[in-house]
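S.K.: What follows is start.txt, compact mmCIF, C-alpha atoms and all ligand atoms.
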# COMPACT_ATOMS: atom_id res chain seq x y z
CA MET A 13 40.57 82.29 101.71
CA HIS A 14 37.12 81.28 100.57
CA GLU A 15 34.79 84.10 101.49
CA LEU A 16 32.00 81.69 102.50
CA LEU A 17 33.96 80.16 105.34
CA SER A 18 33.94 81.36 108.94
CA TRP A 19 36.78 81.20 111.49
CA PRO A 20 35.49 78.02 113.22
CA VAL A 21 35.28 76.24 109.86
CA ILE A 22 38.73 77.32 108.68
CA LYS A 23 40.09 76.29 112.08
CA ARG A 24 38.51 72.86 111.70
CA LEU A 25 39.84 72.39 108.18
CA TYR A 26 43.32 73.19 109.42
CA GLU A 27 42.93 70.75 112.34
CA CYS A 28 41.76 68.01 109.98
CA ALA A 29 44.81 68.55 107.76
CA CYS A 30 47.09 68.34 110.84
CA ALA A 31 45.50 65.32 112.49
CA ASP A 32 45.04 63.40 109.25
CA PRO A 33 47.64 64.06 106.54
CA GLN A 34 45.40 62.14 104.08
CA PHE A 35 42.46 64.47 104.68
CA TYR A 36 42.95 66.49 101.47
CA GLU A 37 43.23 63.31 99.39
CA HIS A 38 40.07 61.88 100.95
CA LEU A 39 38.30 65.15 100.27
CA GLN A 40 39.22 64.93 96.59
CA LYS A 41 38.01 61.32 96.33
CA ASP A 42 34.89 61.51 98.47
CA GLY A 43 34.02 65.09 99.36
CA GLU A 44 30.62 64.47 100.91
CA GLY A 45 31.68 61.50 103.05
CA THR A 46 34.87 63.19 104.25
CA LEU A 47 33.10 66.43 105.22
CA LEU A 48 30.44 64.44 107.08
CA LEU A 49 33.18 62.66 109.03
CA ALA A 50 34.74 66.05 109.87
CA GLY A 51 31.39 67.46 111.04
CA LEU A 52 31.47 70.14 108.34
CA ASP A 53 28.47 71.33 106.39
CA ILE A 54 30.18 73.33 103.65
CA PRO A 55 30.60 72.97 99.89
CA CYS A 56 33.45 70.64 99.01
CA ASP A 57 35.03 73.10 96.56
CA ALA A 58 35.24 75.70 99.35
CA ALA A 59 37.05 73.20 101.59
CA LEU A 60 39.45 72.20 98.81
CA HIS A 61 40.10 75.81 97.85
CA THR A 62 40.87 76.79 101.46
CA LEU A 63 43.23 73.86 101.98
CA GLU A 64 44.98 74.60 98.67
CA SER A 65 45.46 78.21 99.66
CA MET A 66 47.17 77.03 102.87
CA LYS A 67 50.01 75.50 100.87
CA ASP A 68 53.13 77.55 100.12
CA THR A 69 51.92 80.68 101.88
CA THR A 70 53.67 82.81 104.47
CA TYR A 71 52.28 82.89 108.01
CA GLU A 72 50.80 86.32 107.31
CA GLU A 73 48.98 85.11 104.18
CA HIS A 74 47.93 81.76 105.61
CA PRO A 75 44.13 81.84 105.97
CA TYR A 76 44.22 80.23 109.42
CA PHE A 77 47.35 81.79 110.88
CA ALA A 78 46.44 85.28 109.71
CA LEU A 79 43.48 85.03 112.09
CA TYR A 80 45.22 82.94 114.74
CA LEU A 81 48.54 84.77 115.27
CA PRO A 82 47.12 87.97 116.82
CA ARG A 83 45.29 85.70 119.20
CA VAL A 84 48.46 83.81 120.14
CA LYS A 85 50.12 87.16 120.83
CA ASP A 86 47.27 88.16 123.14
CA ILE A 87 47.52 84.87 125.02
CA LEU A 88 51.30 85.26 125.40
CA ALA A 89 50.84 88.82 126.64
CA GLU A 90 48.32 87.63 129.22
CA THR A 91 50.68 84.87 130.44
CA GLU A 92 53.52 87.39 130.68
CA ARG A 93 51.27 89.73 132.64
CA ARG A 94 50.36 86.97 135.09
CA LEU A 95 54.03 86.00 135.48
CA ALA A 96 55.31 89.58 135.91
CA PRO A 97 57.68 90.14 138.89
CA ASP A 98 55.02 92.11 140.81
CA ASN A 99 52.87 88.99 140.92
CA PHE A 100 55.46 87.04 142.91
CA ALA A 101 55.58 87.17 146.69
CA MET A 102 58.75 85.04 146.53
CA GLN A 103 60.93 86.77 143.91
CA ASP A 104 63.19 83.73 143.65
CA TYR A 105 60.34 81.87 141.91
CA PHE A 106 60.22 84.62 139.28
CA SER A 107 63.99 84.30 138.67
CA LEU A 108 63.76 80.51 138.66
CA GLY A 109 61.18 80.59 135.84
CA LEU A 110 63.45 82.74 133.66
CA ILE A 111 66.64 80.79 134.43
CA THR A 112 64.89 77.48 133.80
CA LYS A 113 63.63 78.68 130.44
CA LYS A 114 67.14 79.77 129.44
CA ARG A 115 68.64 76.47 130.60
CA MET A 116 66.06 74.36 128.76
CA CYS A 117 66.69 76.38 125.56
CA VAL A 118 70.45 75.86 125.96
CA GLN A 119 69.91 72.12 126.42
CA ASN A 120 67.54 71.72 123.46
CA SER A 121 67.48 74.04 120.46
CA LEU A 122 63.90 73.04 119.55
CA LEU A 123 62.60 74.93 122.57
CA ARG A 124 64.19 78.14 121.30
CA SER A 125 61.66 78.23 118.48
CA HIS A 126 58.74 78.19 120.97
CA PRO A 127 58.39 81.69 122.47
CA ASN A 128 55.40 80.54 124.51
CA VAL A 129 57.38 78.08 126.66
CA ARG A 130 57.08 79.27 130.26
CA TYR A 131 57.70 77.57 133.58
CA PHE A 132 55.09 77.89 136.29
CA PRO A 133 55.95 78.13 140.00
CA VAL A 134 53.08 75.88 141.15
CA ILE A 135 50.70 73.29 139.74
CA PHE A 136 47.96 71.32 141.46
CA GLU A 137 46.70 67.76 140.98
CA LEU A 138 43.25 66.58 142.07
CA SER A 139 43.82 62.86 141.70
CA GLU A 140 46.70 60.41 141.79
CA GLY A 141 47.52 58.77 138.48
CA CYS A 142 45.39 58.81 135.35
CA SER A 143 42.77 56.51 133.85
CA VAL A 144 43.57 57.28 130.21
CA GLY A 145 47.01 55.73 129.62
CA CYS A 146 47.96 57.72 126.48
CA SER A 147 50.81 56.13 124.55
CA PHE A 148 52.44 59.58 124.21
CA CYS A 149 52.17 60.58 127.90
CA GLY A 150 55.21 62.84 128.36
CA LEU A 151 54.96 62.53 132.15
CA GLY A 152 54.55 58.75 132.10
CA ALA A 153 51.44 58.98 134.33
CA GLU A 154 50.80 55.95 136.55
CA LYS A 155 47.38 54.26 136.64
CA LEU A 156 44.60 56.15 138.42
CA SER A 157 44.70 55.18 142.09
CA LYS A 158 42.96 57.94 144.07
CA VAL A 159 40.57 60.85 143.57
CA PHE A 160 40.21 63.93 145.78
CA PHE A 161 36.44 64.47 146.05
CA HIS A 162 34.84 67.83 146.75
CA THR A 163 33.51 66.92 150.21
CA ASP A 164 33.02 69.73 152.74
CA GLU A 165 36.27 68.83 154.47
CA ASN A 166 38.27 68.54 151.23
CA ALA A 167 36.78 71.72 149.78
CA ALA A 168 37.81 73.63 152.91
CA LEU A 169 41.37 72.27 152.70
CA TRP A 170 41.55 73.08 148.95
CA LYS A 171 40.53 76.69 149.53
CA GLU A 172 43.05 77.04 152.36
CA VAL A 173 45.79 75.54 150.16
CA LEU A 174 44.97 77.93 147.30
CA SER A 175 44.91 80.98 149.58
CA ALA A 176 48.17 79.97 151.29
CA THR A 177 49.83 79.43 147.90
CA ARG A 178 48.67 82.82 146.70
CA GLU A 179 49.98 84.46 149.85
CA LEU A 180 53.34 82.61 149.98
CA VAL A 181 54.26 82.35 146.27
CA GLY A 182 52.08 85.15 144.93
CA GLN A 183 49.27 85.75 142.46
CA ALA A 184 51.55 84.21 139.78
CA ALA A 185 50.79 80.81 141.32
CA GLY A 186 47.44 81.15 139.52
CA THR A 187 49.13 80.64 136.13
CA GLY A 188 49.41 76.97 137.04
CA VAL A 189 46.86 74.33 136.22
CA CYS A 190 44.85 71.83 138.30
CA TYR A 191 46.18 68.72 136.55
CA PHE A 192 49.64 67.49 135.61
CA ALA A 193 50.29 63.75 135.37
CA THR A 194 46.52 63.46 135.75
CA GLU A 195 43.39 63.79 133.60
CA PRO A 196 41.21 66.63 134.95
CA PHE A 197 37.93 64.87 134.17
CA ASP A 198 38.97 61.76 136.11
CA ASN A 199 37.81 63.84 139.04
CA PRO A 200 33.98 63.97 139.02
CA ASP A 201 34.15 67.23 140.98
CA TYR A 202 36.75 68.96 138.81
CA GLU A 203 34.32 71.76 137.88
CA LEU A 204 33.68 72.57 141.57
CA PHE A 205 37.40 72.80 142.30
CA VAL A 206 37.83 75.09 139.29
CA GLU A 207 35.10 77.38 140.66
CA ASP A 208 37.01 77.62 143.97
CA PHE A 209 40.22 78.32 142.06
CA LYS A 210 38.51 81.11 140.19
CA ARG A 211 37.32 82.69 143.44
CA VAL A 212 40.89 82.81 144.78
CA PHE A 213 42.86 83.70 141.63
CA GLY A 214 40.21 85.56 139.63
CA HIS A 215 40.32 83.52 136.44
CA THR A 216 39.58 80.01 135.18
CA PRO A 217 42.73 77.88 135.07
CA GLN A 218 43.67 76.29 131.78
CA THR A 219 42.28 72.80 131.24
CA THR A 220 43.64 70.19 128.85
CA THR A 221 41.65 66.99 128.53
CA ALA A 222 42.19 63.79 126.58
CA VAL A 223 38.61 62.61 127.20
CA ALA A 224 36.35 65.36 125.81
CA ASP A 225 34.34 62.56 124.16
CA ARG A 226 33.92 60.48 127.35
CA ASP A 227 30.92 62.48 128.60
CA THR A 228 29.96 65.01 125.94
CA GLU A 229 27.28 66.73 128.03
CA ARG A 230 29.69 67.23 130.90
CA PHE A 231 32.29 68.71 128.57
CA ARG A 232 29.72 70.90 126.86
CA ASN A 233 28.48 72.25 130.20
CA PHE A 234 32.04 72.85 131.31
CA ILE A 235 32.95 74.98 128.31
CA ARG A 236 29.65 76.85 128.52
CA SER A 237 30.45 77.75 132.13
CA ILE A 238 33.65 79.58 131.14
CA SER A 239 33.50 83.29 130.48
CA GLU A 240 34.28 84.61 127.01
CA GLU A 241 37.46 86.29 128.25
CA ASP A 242 38.78 83.20 130.03
CA MET A 243 37.96 81.10 126.99
CA TYR A 244 39.83 83.52 124.75
CA ASN A 245 42.89 83.10 126.96
CA ALA A 246 43.26 79.50 125.80
CA ALA A 247 41.42 78.09 128.79
CA VAL A 248 40.56 74.74 127.24
CA ARG A 249 42.49 72.32 125.05
CA ILE A 250 41.60 68.87 123.75
CA SER A 251 44.44 66.39 123.43
CA VAL A 252 43.66 63.84 120.71
CA ARG A 253 44.88 60.28 121.23
CA THR A 254 43.89 58.50 118.03
CA LYS A 255 42.65 59.39 114.55
CA GLU A 256 39.35 57.65 115.32
CA GLN A 257 38.93 59.77 118.44
CA PHE A 258 39.71 62.91 116.42
CA TYR A 259 36.87 62.21 114.00
CA ASP A 260 34.55 61.25 116.90
CA ILE A 261 35.20 64.68 118.44
CA MET A 262 34.60 66.39 115.07
CA ARG A 263 31.29 64.54 114.80
CA LEU A 264 30.20 65.13 118.40
CA PHE A 265 30.96 68.86 118.56
CA SER A 266 30.20 71.52 115.97
CA PRO A 267 32.97 73.82 114.66
CA GLU A 268 31.30 76.72 116.49
CA GLU A 269 31.28 74.85 119.82
CA LEU A 270 35.03 74.28 119.48
CA SER A 271 35.90 77.66 117.99
CA ASP A 272 37.78 78.71 121.16
CA ILE A 273 39.08 75.27 122.05
CA GLU A 274 42.58 74.35 120.97
CA ILE A 275 42.81 70.89 119.43
CA ILE A 276 46.14 69.15 120.02
CA PRO A 277 46.46 66.21 117.64
CA ASN A 278 48.75 63.77 119.45
CA ASN A 279 47.58 60.80 117.37
CA PRO A 280 50.40 58.87 115.63
CA GLU A 281 49.40 60.06 112.13
CA SER A 282 49.45 63.72 113.19
CA VAL A 283 51.95 66.06 111.55
CA ASN A 284 52.57 67.58 115.00
CA ARG A 285 54.66 66.25 117.82
CA TYR A 286 54.27 67.69 121.28
CA ALA A 287 55.56 65.21 123.82
CA ALA A 288 59.14 63.98 123.67
CA SER A 289 59.62 62.53 127.11
CA GLY A 290 58.07 59.80 129.26
CA ARG A 291 56.25 57.26 127.07
CA ALA A 292 56.89 59.49 124.02
CA ARG A 293 60.66 59.43 124.53
CA ASP A 294 62.49 58.45 121.40
CA GLU A 295 66.16 57.45 121.63
CA LYS A 296 66.89 58.38 118.03
CA ASN A 297 65.48 61.89 118.02
CA ALA A 298 66.01 64.99 120.06
CA VAL A 299 64.18 64.87 123.36
CA TYR A 300 62.90 67.63 125.60
CA SER A 301 60.85 67.79 128.73
CA ILE A 302 57.11 68.35 128.38
CA SER A 303 57.02 69.65 131.96
CA CYS A 304 56.02 73.30 132.42
CA LEU A 305 56.78 73.25 136.16
CA ALA A 306 59.79 74.68 137.96
CA GLY A 307 58.66 74.67 141.54
CA LEU A 308 55.91 73.09 143.59
CA ARG A 309 53.63 70.24 142.60
CA VAL A 310 50.74 70.03 145.02
CA ASN A 311 48.88 66.73 144.96
CA MET A 312 45.64 67.08 146.92
CA ALA A 313 44.74 63.37 146.73
CA ALA A 314 48.08 62.28 148.21
CA LYS A 315 48.26 65.42 150.42
CA LYS A 316 51.85 65.92 149.34
CA VAL A 317 53.93 68.85 148.04
CA THR A 318 56.90 68.03 145.80
CA TYR A 319 59.62 70.38 144.59
CA GLU A 320 60.79 69.61 141.04
CA GLU A 321 62.41 71.17 137.97
CA PRO A 322 62.47 70.08 134.32
CA GLU A 323 65.47 68.18 132.95
CA LEU A 324 66.44 66.73 129.60
CA PRO A 325 64.77 63.31 129.55
CA CYS A 326 67.38 60.57 130.06
CA ASP A 327 67.65 57.22 131.83
CA GLU A 328 67.92 58.98 135.19
CA PHE A 329 65.02 61.38 134.47
CA PRO A 330 62.87 59.56 131.86
CA THR A 331 59.91 61.93 132.27
CA GLY A 332 62.11 65.01 132.06
CA GLU A 333 61.60 65.94 135.72
CA ARG A 334 64.14 66.10 138.53
CA ILE A 335 62.35 65.47 141.80
CA TYR A 336 64.20 67.19 144.64
CA GLY A 337 62.03 66.25 147.59
CA SER A 338 58.48 65.99 148.96
CA MET A 339 56.68 66.77 152.18
CA PRO A 340 53.24 65.63 153.38
CA PHE A 341 50.59 68.02 154.68
CA THR A 342 47.33 67.53 156.55
CA ASP A 343 46.09 71.09 157.02
CA ALA A 344 46.83 74.70 156.10
CA GLY A 345 49.58 74.97 158.73
CA SER A 346 51.54 71.93 157.59
CA PHE A 347 51.02 72.98 153.95
CA ARG A 348 52.57 76.38 154.65
CA ARG A 349 55.51 74.77 156.42
CA ALA A 350 56.01 72.36 153.47
CA VAL A 351 56.02 75.21 150.92
CA SER A 352 58.46 77.29 152.94
CA GLU A 353 60.81 74.42 153.78
CA LEU A 354 60.93 72.92 150.27
CA SER A 355 61.52 76.35 148.72
CA GLU A 356 64.28 77.12 151.21
CA ARG A 357 66.02 73.76 150.70
CA PHE A 358 65.77 73.42 146.92
CA LEU A 359 64.90 76.64 145.08
CA ARG A 360 68.03 78.23 143.61
CA ALA A 361 67.91 81.63 141.91
CA GLY A 362 71.61 82.10 142.64
CA ILE A 363 74.64 80.14 143.80
CA LYS A 364 75.06 79.18 147.45
CA ASN A 365 78.47 78.39 148.87
CA GLU A 366 77.75 74.71 149.53
CA ASP A 367 75.80 74.02 146.29
CA VAL A 368 77.31 71.54 143.89
CA ILE A 369 77.84 73.39 140.60
CA VAL A 370 77.60 71.12 137.56
CA LEU A 371 77.14 71.39 133.82
CA PRO A 372 73.57 70.67 132.71
CA ASP A 373 73.11 67.56 130.57
CA GLY A 374 74.03 68.31 126.97
CA VAL A 375 76.42 71.16 127.88
CA HIS A 376 80.20 70.83 127.63
CA VAL A 377 83.10 73.23 128.14
CA GLU A 378 86.21 73.91 126.09
CA ILE A 379 89.04 75.88 127.65
CA ASN A 380 91.32 77.92 125.44
CA GLY A 381 93.86 80.08 127.24
CA ASN A 382 91.88 82.36 129.56
CA GLU A 383 88.57 81.66 127.84
CA ALA A 384 85.97 79.06 128.78
CA ALA A 385 83.44 78.33 126.02
CA PHE A 386 80.22 76.67 127.19
CA PHE A 387 78.51 74.75 124.37
CA GLY A 388 74.83 73.82 124.49
CA ASP A 389 72.60 72.49 121.72
CA GLY A 390 73.52 74.92 118.91
CA ALA A 391 74.30 77.63 121.48
CA VAL A 392 77.54 78.89 122.95
CA LEU A 393 78.59 81.25 125.75
CA ARG A 394 82.22 82.44 125.87
CA VAL A 395 83.56 83.85 129.11
CA THR A 396 87.07 85.12 129.65
CA GLY A 397 88.81 85.34 132.98
CA ASN A 398 92.13 84.70 134.62
CA ARG A 399 93.96 81.40 135.18
CA PHE A 400 91.99 80.79 138.40
CA PHE A 401 88.72 81.13 136.56
CA THR A 402 89.59 78.51 133.93
CA GLU A 403 91.01 76.15 136.55
CA GLY A 404 87.82 76.47 138.58
CA VAL A 405 85.69 75.80 135.51
CA LYS A 406 87.78 72.69 134.77
CA LEU A 407 87.07 71.40 138.27
CA LEU A 408 83.31 71.91 138.04
CA SER A 409 83.08 70.51 134.52
CA ASP A 410 84.78 67.35 135.69
CA LYS A 411 82.15 66.09 138.13
CA GLY A 412 80.86 69.18 139.85
CA ILE A 413 82.24 71.17 142.75
CA SER A 414 81.00 73.72 145.26
CA LEU A 415 82.35 77.23 145.67
CA ALA A 416 83.48 76.28 149.18
CA GLU A 417 85.53 73.34 147.87
CA THR A 418 86.93 75.40 144.97
CA GLY A 419 88.13 77.97 147.48
CA LYS A 420 89.93 75.31 149.50
CA LYS A 421 91.50 73.69 146.42
CA LEU A 422 92.51 76.74 144.39
CA TYR A 423 92.18 80.12 146.05
CA ASN A 424 92.97 81.75 149.31
CA SER A 425 91.79 85.21 148.47
CA ASP A 426 88.26 86.58 148.99
CA TYR A 427 88.87 88.96 146.09
CA VAL A 428 89.58 86.13 143.62
CA MET A 429 86.69 84.04 144.97
CA ASN A 430 84.25 86.93 144.59
CA MET A 431 85.31 87.43 140.97
CA PHE A 432 84.91 83.71 140.33
CA ARG A 433 81.47 83.69 141.99
CA GLU A 434 80.30 86.69 139.94
CA LYS A 435 81.27 85.02 136.68
CA LEU A 436 79.60 81.75 137.68
CA GLU A 437 76.41 83.63 138.63
CA ARG A 438 76.31 85.12 135.14
CA ILE A 439 76.85 81.74 133.49
CA PHE A 440 74.21 80.18 135.76
CA GLU A 441 71.68 82.91 134.91
CA ALA A 442 72.34 82.30 131.19
CA GLY A 443 71.37 78.63 131.68
CA TYR A 444 74.81 77.02 131.20
CA LEU A 445 75.25 75.83 134.81
CA ARG A 446 73.18 74.03 137.41
CA CYS A 447 73.40 74.59 141.15
CA LEU A 448 72.21 71.56 143.05
CA PRO A 449 71.73 71.53 146.81
CA LYS A 450 74.39 69.45 148.57
CA GLU A 451 71.77 67.24 150.20
CA LEU A 452 70.96 65.68 146.80
CA PHE A 453 74.41 64.05 146.66
S1 LIG B 501 48.79 62.55 128.61
FE1 LIG B 501 47.37 63.27 130.19
S2 LIG B 501 45.52 62.05 129.88
FE2 LIG B 501 47.17 61.00 128.78
S3 LIG B 501 48.00 59.49 130.23
FE3 LIG B 501 49.22 61.35 130.46
S4 LIG B 501 48.25 62.46 132.12
FE4 LIG B 501 46.76 60.95 131.39
Any chance you could put this one into structure tokens?
Ligand code: SF4
M.R.:
Amino acid sequence: MHELLSWPVIKRLYECACADPQFYEHLQKDGEGTLLLAGLDIPCDAALHTLESMKDTTYEEHPYFALYLPRVKDILAETERRLAPDNFAMQDYFSLGLITKKRMCVQNSLLRSHPNVRYFPVIFELSEGCSVGCSFCGLGAEKLSKVFFHTDENAALWKEVLSATRELVGQAAGTGVCYFATEPFDNPDYELFVEDFKRVFGHTPQTTTAVADRDTERFRNFIRSISEEDMYNAAVRISVRTKEQFYDIMRLFSPEELSDIEIIPNNPESVNRYAASGRARDEKNAVYSISCLAGLRVNMAAKKVTYEEPELPCDEFPTGERIYGSMPFTDAGSFRRAVSELSERFLRAGIKNEDVIVLPDGVHVEINGNEAAFFGDGAVLRVTGNRFFTEGVKLLSDKGISLAETGKKLYNSDYVMNMFREKLERIFEAGYLRCLPKELF
């Protein structure tokens, strides 16, 4: 690492190399012009030397990652702390997050290499649709149609909704964000809603924006308003849509201003790929859901709560989300009823007698004697049992079956059924089965 360069500068050099694979070449040909474009005031040989030293190094030796990895570990530890069982008032939401993670990793091996993938029990949206229309939108956001303004009446409802969520789901609900298939800064009052959120949950929620360059003063004021600790915990990320926008952002903000802001280069030239669902779905390559929600999506503009879980993106679920059901709300009372009823009807942290048990997309079963082998994407779970077990598994792998139906078709004994149920629970918890409420069929 060049001793002249600070963390914000090394970070920016790394981001330039990710967002623009030609950056190094341009630097060699026109050092001054390229550094100007990147908003960097450093000697060209220092930039070249740092980028060269990034090649063929281990993570530990890498000049950027050596500084960045301890930070990632801290952020992961903080997320784990917020999602610890004690922070859930409804323990089933804690189990659901773990089971969903296991299932998604069984369905797509790429997710297994991302230890930071977590599923939140609740997220909030402060508008309907999105004005940006990114070509890579993993959630396929519709056009912006409605904004929830911070009027006295709306602010009161928002605070009641946050407090009710905290009470019903638990403090862990505060790990969620206040945007989803929406752009946070489409809401002119986003900052005020974030302040309210902070008063209820005690920290600033994470913000990812694709329009940091739309109103630079607004964005600057926003990041200045965040405490050092909240900022350290990855509070703000900038999603980059095009290479031109990337260089605009580099020009508009100094490396120091963005030293705690994560840049996510989603532009087509970028060496990274984050979204693989919705508008970024690609038939030829592996797909996975970009959704980080297994639970409740609260849209304040539509005054609607929806229960959903992530799925492998496919024709039926192009955005990688399975929507189970929604309920409207008008006040704190109807919001509470919606949260309780949707959770009761759809949340599954175990198998219920009437649930339809199916194999998740991308999982298949092979039966060999008394063994059933469940194959996911590069993952396998082998379970042995008796003849009844393998016959039951055959039935569910065909087109799905409930425990109640299996009992009628195959078994008369409670003892055998209990053994079968116990094995299925284990397979379900490992992510190789899905339990879908009967009302969805
Ligand atoms: S990625 Fe975000 S900003 Fe872009 S269209 Fe989707 S919701 Fe809007």
S.K.: Write out as a VMD selection string each polymer residue (protein, DNA or RNA) that has an atom no more than 8 Å from ligand LIG 501 (chain B), with all atoms listed in the file counted.
M.R.: chain A and resid 141 to 154 191 to 195 220 to 223 251 253
S.K.: Selected residues, C-alpha atoms, written as a compact mmCIF listing (two decimals), in the frame of the given file, please.
M.R.:
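Resulting contents of part.txt:
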# COMPACT_ATOMS: atom_id res chain seq x y z
CA GLY A 141 47.52 58.77 138.48
CA CYS A 142 45.39 58.81 135.35
CA SER A 143 42.77 56.51 133.85
CA VAL A 144 43.57 57.28 130.21
CA GLY A 145 47.01 55.73 129.62
CA CYS A 146 47.96 57.72 126.48
CA SER A 147 50.81 56.13 124.55
CA PHE A 148 52.44 59.58 124.21
CA CYS A 149 52.17 60.58 127.90
CA GLY A 150 55.21 62.84 128.36
CA LEU A 151 54.96 62.53 132.15
CA GLY A 152 54.55 58.75 132.10
CA ALA A 153 51.44 58.98 134.33
CA GLU A 154 50.80 55.95 136.55
CA TYR A 191 46.18 68.72 136.55
CA PHE A 192 49.64 67.49 135.61
CA ALA A 193 50.29 63.75 135.37
CA THR A 194 46.52 63.46 135.75
CA GLU A 195 43.39 63.79 133.60
CA THR A 220 43.64 70.19 128.85
CA THR A 221 41.65 66.99 128.53
CA ALA A 222 42.19 63.79 126.58
CA VAL A 223 38.61 62.61 127.20
CA SER A 251 44.44 66.39 123.43
CA ARG A 253 44.88 60.28 121.23
S.K.: Tell me, in Å to one decimal, how far CA of Phe347 (chain A) is from CA of Val173 (chain A).
M.R.: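 Computing the Euclidean distance for CA of Phe347 (chain A) and CA of Val173 (chain A) yields 6.9 Å.
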S.K.: Work out how far CA of Pro325 (chain A) is from CA of Val299 (chain A), in Å to one decimal.
M.R.: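 Spanning CA of Val299 (chain A) to CA of Pro325 (chain A) is a straight-line distance of 6.4 Å.
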S.K.: For Pro322 (chain A), which residue among A:Arg94, A:His38, A:Lys435, A:Arg446 is the nearest when counting all atoms listed in the file?
M.R.: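 Once distances to Pro322 (chain A) are computed over all atoms listed in the file, the minimum belongs to A:Arg446.
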S.K.: Give me the residues within 8 Å of Ala314 (chain A) as an NGL selection string, counting all atoms listed in the file and dropping any in the same chain fewer than 5 places off.
M.R.: :A and (139-140 or 158)
S.K.: Which residue gives the smallest distance to His376 (chain A) among A:Ile302, A:Ala184, A:Leu108, A:Leu445, with all atoms listed in the file counted?
M.R.: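 Checking each candidate against His376 (chain A), we get A:Leu445 as the closest.
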S.K.: Region 231-236 of chain A: which residues within 9 Å, counting only C-alpha atoms, same-chain residues fewer than 3 positions away excluded, as a ChimeraX atom specification?
M.R.: /A:197,203,223-228,239,243,248,265,269,273
S.K.: Name the residues within 9 Å of (52.4, 66.1, 147.9), counting all atoms listed in the file in the file's coordinates, and put them as number ranges by chain.
M.R.: A: 308-318, 338-341
S.K.: Would you mind telling me which residue in A:Thr331, A:Thr177, A:Asn279, A:Asn99 lies nearest to Ser301 (chain A) when using only C-alpha atoms?
M.R.: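 Selected residue with least distance to Ser301 (chain A): A:Thr331.
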S.K.: Could you state the separation of CA of Thr396 (chain A) and CA of Ile379 (chain A) in Å, given to one decimal place?
M.R.: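 Between CA of Thr396 (chain A) and CA of Ile379 (chain A) the gap is 9.7 Å.
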S.K.: Could you give me the axis-aligned bounding box of region 108-112 of chain A, with 4 Å of padding per side, as centre plus edge lengths in Å to one decimal, as lines of an AutoDock Vina configuration file?
M.R.:
center_x = 63.9
center_y = 80.1
center_z = 136.2
size_x = 13.5
size_y = 13.3
size_z = 13.0
S.K.: Within 10 Å of (62.1, 66.6, 138.3) in the file's own coordinates, which protein, DNA or RNA residues have an atom, counting only C-alpha atoms? List them as number ranges by chain.
M.R.: A: 301, 303, 305-307, 318-325, 329-337
S.K.: With only C-alpha atoms as the basis for distance, which of A:Asn278, A:Thr91, A:Ser346, A:Ser18 is at the shortest distance from Val129 (chain A)?
M.R.: A:Thr91
S.K.: Which of these, A:Leu123, A:Leu359, A:Leu422, A:Ile22, has the shortest distance to Ala58 (chain A) once you count only C-alpha atoms?
M.R.: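 Nearest candidate to Ala58 (chain A) out of A:Leu123, A:Leu359, A:Leu422, A:Ile22: A:Ile22.
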S.K.: With only C-alpha atoms as the atoms that count, which of A:Thr216, A:Asn284, A:Ser271, A:Thr112 lies nearest to Leu25 (chain A)?
M.R.: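 Checking each of A:Thr216, A:Asn284, A:Ser271, A:Thr112 against Leu25 (chain A), counting only C-alpha atoms, the winner is A:Ser271.
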S.K.: Which neighbours of Thr187 (chain A) fall inside 9 Å, counting all atoms listed in the file, when residues of the same chain fewer than 5 positions from it are skipped, and could you give them as number ranges by chain?
M.R.: A: 91, 94-95, 132-135, 213, 217-218
S.K.: Just save region 81-89 of chain A with N, CA and C atoms, as a JSON list (two decimals), in the first residue's frame.
M.R.:
[["chain", "number", "residue", "atom", "x", "y", "z"],
["A", 81, "LEU", "N", -12.20, -5.60, 6.07],
["A", 81, "LEU", "CA", -12.76, -6.83, 6.63],
["A", 81, "LEU", "C", -13.11, -6.74, 8.12],
["A", 82, "PRO", "N", -12.24, -6.14, 8.96],
["A", 82, "PRO", "CA", -12.63, -6.03, 10.37],
["A", 82, "PRO", "C", -13.93, -5.24, 10.53],
["A", 83, "ARG", "N", -14.11, -4.31, 9.62],
["A", 83, "ARG", "CA", -15.30, -3.48, 9.66],
["A", 83, "ARG", "C", -16.55, -4.30, 9.29],
["A", 84, "VAL", "N", -16.40, -5.14, 8.25],
["A", 84, "VAL", "CA", -17.50, -6.01, 7.85],
["A", 84, "VAL", "C", -17.88, -6.92, 9.01],
["A", 85, "LYS", "N", -16.85, -7.43, 9.70],
["A", 85, "LYS", "CA", -17.13, -8.31, 10.85],
["A", 85, "LYS", "C", -17.92, -7.58, 11.93],
["A", 86, "ASP", "N", -17.55, -6.32, 12.18],
["A", 86, "ASP", "CA", -18.27, -5.54, 13.19],
["A", 86, "ASP", "C", -19.73, -5.34, 12.79],
["A", 87, "ILE", "N", -19.93, -5.06, 11.50],
["A", 87, "ILE", "CA", -21.30, -4.82, 11.02],
["A", 87, "ILE", "C", -22.13, -6.10, 11.15],
["A", 88, "LEU", "N", -21.51, -7.23, 10.78],
["A", 88, "LEU", "CA", -22.22, -8.52, 10.90],
["A", 88, "LEU", "C", -22.56, -8.81, 12.36],
["A", 89, "ALA", "N", -21.61, -8.52, 13.24],
["A", 89, "ALA", "CA", -21.84, -8.77, 14.67],
["A", 89, "ALA", "C", -23.00, -7.91, 15.17]]
